[in-house]
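Worksheet: one structure, shown below.
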Amino acid sequence: MITSSRMKGLNPYVPGEQPKDRVYIKLNTNENPYPPCHQVQQAVIDFVKSQPQKLALYPDPDSNELHEKIADMLNKTGGVLCRARVEGGQVTPSPEDKIPFTVTPDMIYTGNGSDEVLSFVFYAFFDSGKKFVMPQFTYSFYPVYAGFYNIPMDQVPLKEDWTLDTDEMLSRVKENGGGMIFANPNAPTSLALTRDQVRQMILKANKDEIFIVDEAYVDFGGESCIPLLQEFSNLLIVRTFSKSLCGAGMRLGYTVASPELMKIITTVKNSVNHFPLDAVAQKAGCIACENPAYYADCARKVCEERDKFYNFLKSRGFYVLESKTNFLFAKHPDIPGEELYKRIKEQGILIRHFATPGIEDFVRITVGTPEQMEKLKCAIENVIK
Ligand SMILES: *Cc1c(COP(=O)(O)O)cnc(C)c1O
């Protein structure tokens with residue numbers, strides 16, 4: 001064998017399909033249907049045109065300017081874009097989202113998409129000697145990292161109503177002593193815990209248990225746990241530009257937590273790849289953070305379209321979970337998830353179906369533009385009639 005023995009254990013993540021044979025309307029990977037703001041587009045053009053020599057040089061390995069801009073954006077928006085208030089070009093948090101302290105740049109770490117950030121977080125905080133806790137149905141990359149780093153996991157079933165079983169998760173984390181991770185709002189279920197529900201778990205757990213909260217979708221209506229950082233030094237929040245900041249192609253993910261935890265992740269980064277973010281991505285990320293009003297508007301449009309589509313699905317007999325994200329998780333009483341997915345694909349639209357036992361009846365549908373959703377509604381009507 002030319003491969004290492006490690007290769008046998010690898011079980012890579014399978015992303016939503018990105019077909020090249022035909023142009024589909026893509027509602028299968030939870031990307032934002034809107035482009036980045038024109039300032040970002042212009043900044044990328046200007047960067048390449050006016051400073052091409054910068055492409056020949058290594059970028060800032062620690063993305064210092066980007067960390068400043070992210071901290072600033074979080075303070076201005078409260079970390080939940082769809083509720084951020086925009087008046088006369090000024091952005092302020094909705095009162096319920098206001099962070100009760102100032103997020104500082106040393107509380108931010110950035111990486112090549114939150115997928116990379118998560119992998120470093122797994123490496124840094126979960127141990128091969130102790131099981132970490134996660135929900136049975138959550139972001140399917142977590143089990144992949146567990147396999148990659150050889151960390152045992154303890155998957156806790158969801159409750160009947162598809163919400164996270166916080167009591168059971170808490171009791172298992174106490175028993176195992178290996179920390180916890182979940183997405184909030186969760187994927188693919190689209191449901192969220194309140195900040196207080198998260199707080200109660202951390203409060204009752206041991207102080208040296210790490211809690212990782214993945215807030216990839218929080219800008220679409222969840223409650224951010226950033227305010228809890230004031231209270232808990234064992235909490236770490238992972239976020240991304242891929243969903244609410246219209247930037248999946250730029251590969252920008254970040255964490256928010258104490259400067260001590262950021263230093264630990266930076267140590268992992270500097271042991272793998274000193275320069276995870278290229279110079280253009282850093283620039284684009286900075287400019288995106290300077291324009292939260294635009295992204296708040298995009299988030300609101302997505303939420304509005306989501307709620308309309310929720311009503312549509314309900315009126316057509318679907319069982320649909322009440323989403324706090326940019327996607328809906330739904331099933332039809334008579335049409336299996338896989339069939340629905342296939343018959344919609346035939347009509348030129350991609351949605352996501354998971355063959356995973358327990359959720360195989362469902363499909364996960366990303367919310368697109370009003371035009372895309374109109375086409376999807378027609379496609380669904382064709383299938384169910
Ligand atoms: C999309 C997603 C990510 C990955 O985001 P990237 O920043 O694009 O790597 C992480 N966590 C969850 C729950 C997601 O849905």
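In the structure tokens, the first chain shown is A, the next is B, and so on; residue numbers restart at 1 for each chain, and ligands run from 1 in the order shown.
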Close residues to ligand 1 using only C-alpha atoms and all ligand atoms, limit 9 Å, as a PyMOL selection string: chain A and resi 29-31+111-118+138-142+182-188+214-217+238-243+247-254
Residue list (strand (DSSP E), DSSP) for region 94-304 of chain A, as a PyMOL selection string: chain A and resi 108-112+132-135+153-156+180-183+211-214+235-240+252-256
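Restricting the calculation to only C-alpha atoms, the smallest distance between Ile344 (chain A) and any of A:Leu27, A:Leu10, A:Leu228, A:Ala330 is found for A:Leu27.
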Coordinates-based distance that separates CA of Val280 (chain A) from CA of Ile45 (chain A) (Å, one decimal):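 Going from CA of Ile45 (chain A) over to CA of Val280 (chain A), I get 9.5 Å.
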Determine, using only C-alpha atoms, which residues of region 219-321 of chain A have any atom at most 10 Å from an atom of region 193-209 of chain A, and tabulate each with its shortest atom pair and distance in Å to one decimal place, rows ordered by chain and then rising number, as CSV.
```
residue,atom,partner,partner_atom,distance
A:Gly222,CA,A:Thr194,CA,7.4
A:Glu223,CA,A:Arg195,CA,5.7
A:Ser224,CA,A:Arg195,CA,6.6
A:Cys225,CA,A:Arg195,CA,5.7
A:Ile226,CA,A:Arg195,CA,9.1
A:Pro227,CA,A:Arg195,CA,8.7
A:Leu228,CA,A:Arg199,CA,7.1
A:Glu231,CA,A:Leu203,CA,9.1
A:Phe232,CA,A:Ile202,CA,7.8
A:Ser233,CA,A:Lys207,CA,8.1
A:Asn234,CA,A:Glu209,CA,6.4
A:Leu235,CA,A:Ile202,CA,8.1
```
Those same residues, written as a PDB file, in the first residue's frame with N, CA, C and O atoms?
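The new file selection-v2.pdb reads:
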```
ATOM      1  N   GLY A 222     -32.181  34.004  14.529  1.00  0.00           N
ATOM      2  CA  GLY A 222     -31.923  33.373  15.821  1.00  0.00           C
ATOM      3  C   GLY A 222     -31.487  34.409  16.846  1.00  0.00           C
ATOM      4  O   GLY A 222     -31.546  35.616  16.603  1.00  0.00           O
ATOM      5  N   GLU A 223     -31.061  33.925  18.003  1.00  0.00           N
ATOM      6  CA  GLU A 223     -30.470  34.817  19.006  1.00  0.00           C
ATOM      7  C   GLU A 223     -28.997  34.461  19.105  1.00  0.00           C
ATOM      8  O   GLU A 223     -28.651  33.309  19.334  1.00  0.00           O
ATOM      9  N   SER A 224     -28.144  35.459  18.975  1.00  0.00           N
ATOM     10  CA  SER A 224     -26.714  35.181  19.057  1.00  0.00           C
ATOM     11  C   SER A 224     -26.303  34.942  20.506  1.00  0.00           C
ATOM     12  O   SER A 224     -26.857  35.543  21.428  1.00  0.00           O
ATOM     13  N   CYS A 225     -25.308  34.078  20.687  1.00  0.00           N
ATOM     14  CA  CYS A 225     -24.771  33.839  22.035  1.00  0.00           C
ATOM     15  C   CYS A 225     -23.564  34.718  22.342  1.00  0.00           C
ATOM     16  O   CYS A 225     -22.954  34.566  23.404  1.00  0.00           O
ATOM     17  N   ILE A 226     -23.239  35.644  21.452  1.00  0.00           N
ATOM     18  CA  ILE A 226     -22.095  36.530  21.726  1.00  0.00           C
ATOM     19  C   ILE A 226     -22.238  37.240  23.083  1.00  0.00           C
ATOM     20  O   ILE A 226     -21.264  37.307  23.834  1.00  0.00           O
ATOM     21  N   PRO A 227     -23.440  37.731  23.449  1.00  0.00           N
ATOM     22  CA  PRO A 227     -23.554  38.388  24.764  1.00  0.00           C
ATOM     23  C   PRO A 227     -23.121  37.492  25.933  1.00  0.00           C
ATOM     24  O   PRO A 227     -22.689  37.996  26.966  1.00  0.00           O
ATOM     25  N   LEU A 228     -23.215  36.171  25.757  1.00  0.00           N
ATOM     26  CA  LEU A 228     -22.857  35.266  26.857  1.00  0.00           C
ATOM     27  C   LEU A 228     -21.348  35.170  27.080  1.00  0.00           C
ATOM     28  O   LEU A 228     -20.899  34.633  28.095  1.00  0.00           O
ATOM     29  N   GLU A 231     -19.963  36.249  30.288  1.00  0.00           N
ATOM     30  CA  GLU A 231     -20.173  35.418  31.470  1.00  0.00           C
ATOM     31  C   GLU A 231     -19.338  34.131  31.456  1.00  0.00           C
ATOM     32  O   GLU A 231     -18.982  33.611  32.504  1.00  0.00           O
ATOM     33  N   PHE A 232     -19.063  33.619  30.236  1.00  0.00           N
ATOM     34  CA  PHE A 232     -18.442  32.288  30.149  1.00  0.00           C
ATOM     35  C   PHE A 232     -17.138  32.305  29.347  1.00  0.00           C
ATOM     36  O   PHE A 232     -17.139  32.651  28.160  1.00  0.00           O
ATOM     37  N   SER A 233     -16.068  31.878  29.972  1.00  0.00           N
ATOM     38  CA  SER A 233     -14.792  31.815  29.252  1.00  0.00           C
ATOM     39  C   SER A 233     -14.642  30.483  28.512  1.00  0.00           C
ATOM     40  O   SER A 233     -13.690  30.273  27.776  1.00  0.00           O
ATOM     41  N   ASN A 234     -15.618  29.569  28.710  1.00  0.00           N
ATOM     42  CA  ASN A 234     -15.565  28.262  28.042  1.00  0.00           C
ATOM     43  C   ASN A 234     -16.540  28.191  26.861  1.00  0.00           C
ATOM     44  O   ASN A 234     -16.938  27.116  26.435  1.00  0.00           O
ATOM     45  N   LEU A 235     -16.939  29.368  26.354  1.00  0.00           N
ATOM     46  CA  LEU A 235     -17.847  29.427  25.203  1.00  0.00           C
ATOM     47  C   LEU A 235     -17.088  29.960  23.999  1.00  0.00           C
ATOM     48  O   LEU A 235     -16.319  30.932  24.119  1.00  0.00           O
TER      49      LEU A 235
END
```
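Minimum atom-to-atom distance to Ile287 (chain A), evaluated using only C-alpha atoms, belongs to A:Leu245 out of A:Leu245, A:Val213, A:Gly337, A:Val133.
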